[in-house]
Amino acid sequence: SNDPQVAAERADALLLKLQNLHESGWSNCRPDHAIYSSVIKCYSLSKSKDAAHRSEAVLRDMLQVAKQEKNPDLKPDVVCWNMAIRAWALVGNGPKAEALFREMLAEYMDNKGTNMAPNNVTFSSVLSAWAKTQHDPSAPERAERLLQEMKQLAQLQDFPDVKPNVISYSIVLDCWAYAKSTAAAERAEKILREMQESNDPNLQPNALSFNAVIKAWSLSRDPRALVKVMCLLKEM
């Protein structure tokens with residue numbers, strides 16, 4: 001279907017039908033990993049109001065069936081987790097996105113060697129969720145704590161793909177921008193300067209980074225905002 005919402009509902013209905021057939025004794029109708037992950041993907045792309053709830057519900061269904069049947073092949077992999085977390089990011093629910101990430105992290109720590117290690121995509125989705133959770137004054141601090149966590153996990157061999165990059169930092173800068181205060185703008189600019197001083201070429205600020213700090217000053221209502229914005233524009 002060209003309608004993502006209709007596609008998600010049809011995929012979910014097919015999954016339910018296969019589950020019922022399997023429970024009725026049709027052993028060859030057992031839903032496999034590909035079917036579950038396809039349903040999660042459909043919901044993560046759907047714009048229905050309950051898409052995030054449904055995406056997480058299918059993920060939990062996978063976990064439960066994998067444990068009940070003692071079938072490790074059915075366990076959600078990093079792609080499944082990331083799609084479910086992304087669904088919460090799309091609706092701007094930082095607490096839900098981070099809670100699901102914490103669960104993913106705990107599952108991975110209990111089952112190292114599996115293909116569910118959080119990666120940059122995971123963290124970017126959680127950070128984006130916090131950037132869109134603009135009604136929560138703790139969002140910038142939560143996002144920055146996640147950035148620090150990325151740095152710490154990147155030191156461990158079990159997490160090969162979580163090193164922060166310019167995208168991670170730019171999302172955090174966006175979080176500070178939406179705090180709409182002088183303190184937030186100052187913090188955003190300080191992070192930008194840390195990026196510039198870094199020896200890591202993957203952390204050098206780009207247009208998105210500068211635009212986020214410009215936005216932070218523009219929304220701050222600080223009397224210095226115009227001068228700050230003009231200086232930042234000259235630096236770009």
# chains A, B, ... in the order shown; residues from 1 in each chain; ligands from 1
>>> select_by_dssp(residues="range 7-214 of chain A", states="helix (DSSP H, G or I)", output="number ranges by chain")
A: 7-23, 27-29, 33-45, 51-68, 72-74, 78-90, 94-110, 120-131, 139-154, 166-177, 182-197, 201-203, 207-214
>>> residues_around(residues="Arg102 in chain A", least_positions_apart="6", cutoff="10 Å", atoms="only C-alpha atoms", output="short mmCIF file (atom, residue, chain, number, x, y, z; two decimals) with all heavy atoms, in the first residue's frame")
data_model
loop_
_atom_site.label_atom_id
_atom_site.label_comp_id
_atom_site.auth_asym_id
_atom_site.auth_seq_id
_atom_site.Cartn_x
_atom_site.Cartn_y
_atom_site.Cartn_z
N LYS A 96 10.24 7.95 26.61
CA LYS A 96 9.94 6.62 26.07
C LYS A 96 11.10 6.08 25.23
O LYS A 96 11.46 4.90 25.32
CB LYS A 96 8.67 6.66 25.23
CG LYS A 96 7.39 6.75 26.02
CD LYS A 96 7.02 5.40 26.62
CE LYS A 96 5.61 5.41 27.19
NZ LYS A 96 5.24 4.12 27.78
N TYR A 108 21.49 -6.29 25.82
CA TYR A 108 22.80 -6.54 25.19
C TYR A 108 23.85 -6.91 26.24
O TYR A 108 24.66 -7.82 26.01
CB TYR A 108 23.25 -5.32 24.40
CG TYR A 108 24.64 -5.49 23.82
CD1 TYR A 108 24.88 -6.47 22.86
CD2 TYR A 108 25.71 -4.71 24.25
CE1 TYR A 108 26.16 -6.66 22.34
CE2 TYR A 108 26.98 -4.89 23.73
CZ TYR A 108 27.20 -5.86 22.78
OH TYR A 108 28.46 -6.05 22.27
N PRO A 118 23.93 -1.39 20.85
CA PRO A 118 23.55 -0.03 20.44
C PRO A 118 24.65 0.60 19.58
O PRO A 118 25.84 0.36 19.82
CB PRO A 118 23.38 0.71 21.77
CG PRO A 118 23.12 -0.36 22.77
CD PRO A 118 23.90 -1.55 22.31
#
>>> closest_residue(among="A:Glu149, A:Asp158, A:Asp32, A:Asp136", to="Tyr178 in chain A", atoms="only C-alpha atoms")
A:Asp136
>>> closest_atom_pairs(of="range 107-209 of chain A", to="range 88-91 of chain A", cutoff="6 Å", atoms="only C-alpha atoms", output="Markdown table")
| residue | atom | partner | partner_atom | distance |
| --- | --- | --- | --- | --- |
| A:Ser125 | CA | A:Ala89 | CA | 5.9 |
| A:Ser128 | CA | A:Ala89 | CA | 5.9 |
| A:Ala129 | CA | A:Ala89 | CA | 3.9 |
>>> write_last_selection(atoms="C-alpha atoms", output="tab-separated table (two decimals), in the first residue's frame")
chain	number	residue	atom	x	y	z
A	125	SER	CA	17.39	8.48	17.56
A	128	SER	CA	16.51	13.35	18.36
A	129	ALA	CA	13.66	12.28	20.63
>>> decode(residues="range 212-231 of chain A", atoms="N, CA, C and O atoms", output="PDB file, in the first residue's frame")
ATOM      1  N   ALA A 212      22.433  25.484  14.618  1.00  0.00           N
ATOM      2  CA  ALA A 212      21.823  25.192  15.919  1.00  0.00           C
ATOM      3  C   ALA A 212      22.217  26.242  16.949  1.00  0.00           C
ATOM      4  O   ALA A 212      21.384  26.686  17.750  1.00  0.00           O
ATOM      5  N   VAL A 213      23.482  26.656  16.923  1.00  0.00           N
ATOM      6  CA  VAL A 213      23.939  27.671  17.888  1.00  0.00           C
ATOM      7  C   VAL A 213      23.355  29.039  17.526  1.00  0.00           C
ATOM      8  O   VAL A 213      22.979  29.823  18.408  1.00  0.00           O
ATOM      9  N   ILE A 214      23.255  29.326  16.247  1.00  0.00           N
ATOM     10  CA  ILE A 214      22.601  30.574  15.807  1.00  0.00           C
ATOM     11  C   ILE A 214      21.143  30.587  16.281  1.00  0.00           C
ATOM     12  O   ILE A 214      20.635  31.605  16.774  1.00  0.00           O
ATOM     13  N   LYS A 215      20.489  29.442  16.146  1.00  0.00           N
ATOM     14  CA  LYS A 215      19.109  29.325  16.618  1.00  0.00           C
ATOM     15  C   LYS A 215      19.035  29.549  18.133  1.00  0.00           C
ATOM     16  O   LYS A 215      18.114  30.219  18.628  1.00  0.00           O
ATOM     17  N   ALA A 216      20.013  28.982  18.841  1.00  0.00           N
ATOM     18  CA  ALA A 216      20.035  29.123  20.307  1.00  0.00           C
ATOM     19  C   ALA A 216      20.104  30.592  20.719  1.00  0.00           C
ATOM     20  O   ALA A 216      19.362  31.038  21.609  1.00  0.00           O
ATOM     21  N   TRP A 217      20.970  31.355  20.051  1.00  0.00           N
ATOM     22  CA  TRP A 217      21.065  32.782  20.382  1.00  0.00           C
ATOM     23  C   TRP A 217      19.809  33.533  19.920  1.00  0.00           C
ATOM     24  O   TRP A 217      19.321  34.421  20.618  1.00  0.00           O
ATOM     25  N   SER A 218      19.285  33.171  18.768  1.00  0.00           N
ATOM     26  CA  SER A 218      18.089  33.854  18.240  1.00  0.00           C
ATOM     27  C   SER A 218      16.881  33.689  19.154  1.00  0.00           C
ATOM     28  O   SER A 218      16.058  34.593  19.290  1.00  0.00           O
ATOM     29  N   LEU A 219      16.786  32.503  19.800  1.00  0.00           N
ATOM     30  CA  LEU A 219      15.648  32.217  20.673  1.00  0.00           C
ATOM     31  C   LEU A 219      15.887  32.639  22.125  1.00  0.00           C
ATOM     32  O   LEU A 219      14.992  32.535  22.956  1.00  0.00           O
ATOM     33  N   SER A 220      17.089  33.132  22.409  1.00  0.00           N
ATOM     34  CA  SER A 220      17.452  33.418  23.805  1.00  0.00           C
ATOM     35  C   SER A 220      16.888  34.733  24.333  1.00  0.00           C
ATOM     36  O   SER A 220      16.803  34.940  25.544  1.00  0.00           O
ATOM     37  N   ARG A 221      16.539  35.655  23.410  1.00  0.00           N
ATOM     38  CA  ARG A 221      16.092  37.005  23.785  1.00  0.00           C
ATOM     39  C   ARG A 221      17.165  37.777  24.548  1.00  0.00           C
ATOM     40  O   ARG A 221      16.863  38.726  25.288  1.00  0.00           O
ATOM     41  N   ASP A 222      18.390  37.366  24.382  1.00  0.00           N
ATOM     42  CA  ASP A 222      19.508  38.061  25.021  1.00  0.00           C
ATOM     43  C   ASP A 222      19.847  39.315  24.208  1.00  0.00           C
ATOM     44  O   ASP A 222      19.825  39.277  22.979  1.00  0.00           O
ATOM     45  N   PRO A 223      20.167  40.437  24.859  1.00  0.00           N
ATOM     46  CA  PRO A 223      20.494  41.663  24.108  1.00  0.00           C
ATOM     47  C   PRO A 223      21.732  41.519  23.218  1.00  0.00           C
ATOM     48  O   PRO A 223      21.899  42.278  22.252  1.00  0.00           O
ATOM     49  N   ARG A 224      22.589  40.521  23.520  1.00  0.00           N
ATOM     50  CA  ARG A 224      23.789  40.298  22.697  1.00  0.00           C
ATOM     51  C   ARG A 224      23.517  39.396  21.506  1.00  0.00           C
ATOM     52  O   ARG A 224      24.409  39.115  20.702  1.00  0.00           O
ATOM     53  N   ALA A 225      22.285  38.906  21.378  1.00  0.00           N
ATOM     54  CA  ALA A 225      21.970  37.865  20.395  1.00  0.00           C
ATOM     55  C   ALA A 225      22.348  38.260  18.963  1.00  0.00           C
ATOM     56  O   ALA A 225      22.952  37.463  18.232  1.00  0.00           O
ATOM     57  N   LEU A 226      22.005  39.494  18.557  1.00  0.00           N
ATOM     58  CA  LEU A 226      22.257  39.909  17.178  1.00  0.00           C
ATOM     59  C   LEU A 226      23.750  39.883  16.864  1.00  0.00           C
ATOM     60  O   LEU A 226      24.167  39.381  15.810  1.00  0.00           O
ATOM     61  N   VAL A 227      24.539  40.404  17.782  1.00  0.00           N
ATOM     62  CA  VAL A 227      26.001  40.430  17.583  1.00  0.00           C
ATOM     63  C   VAL A 227      26.540  39.007  17.517  1.00  0.00           C
ATOM     64  O   VAL A 227      27.373  38.675  16.666  1.00  0.00           O
ATOM     65  N   LYS A 228      26.054  38.156  18.430  1.00  0.00           N
ATOM     66  CA  LYS A 228      26.497  36.762  18.461  1.00  0.00           C
ATOM     67  C   LYS A 228      26.168  36.056  17.145  1.00  0.00           C
ATOM     68  O   LYS A 228      26.989  35.327  16.585  1.00  0.00           O
ATOM     69  N   VAL A 229      24.963  36.273  16.655  1.00  0.00           N
ATOM     70  CA  VAL A 229      24.527  35.631  15.414  1.00  0.00           C
ATOM     71  C   VAL A 229      25.383  36.097  14.246  1.00  0.00           C
ATOM     72  O   VAL A 229      25.813  35.285  13.412  1.00  0.00           O
ATOM     73  N   MET A 230      25.658  37.394  14.174  1.00  0.00           N
ATOM     74  CA  MET A 230      26.483  37.933  13.078  1.00  0.00           C
ATOM     75  C   MET A 230      27.892  37.352  13.105  1.00  0.00           C
ATOM     76  O   MET A 230      28.450  37.009  12.049  1.00  0.00           O
ATOM     77  N   CYS A 231      28.453  37.204  14.291  1.00  0.00           N
ATOM     78  CA  CYS A 231      29.805  36.619  14.423  1.00  0.00           C
ATOM     79  C   CYS A 231      29.829  35.167  13.977  1.00  0.00           C
ATOM     80  O   CYS A 231      30.748  34.722  13.294  1.00  0.00           O
TER      81      CYS A 231
END
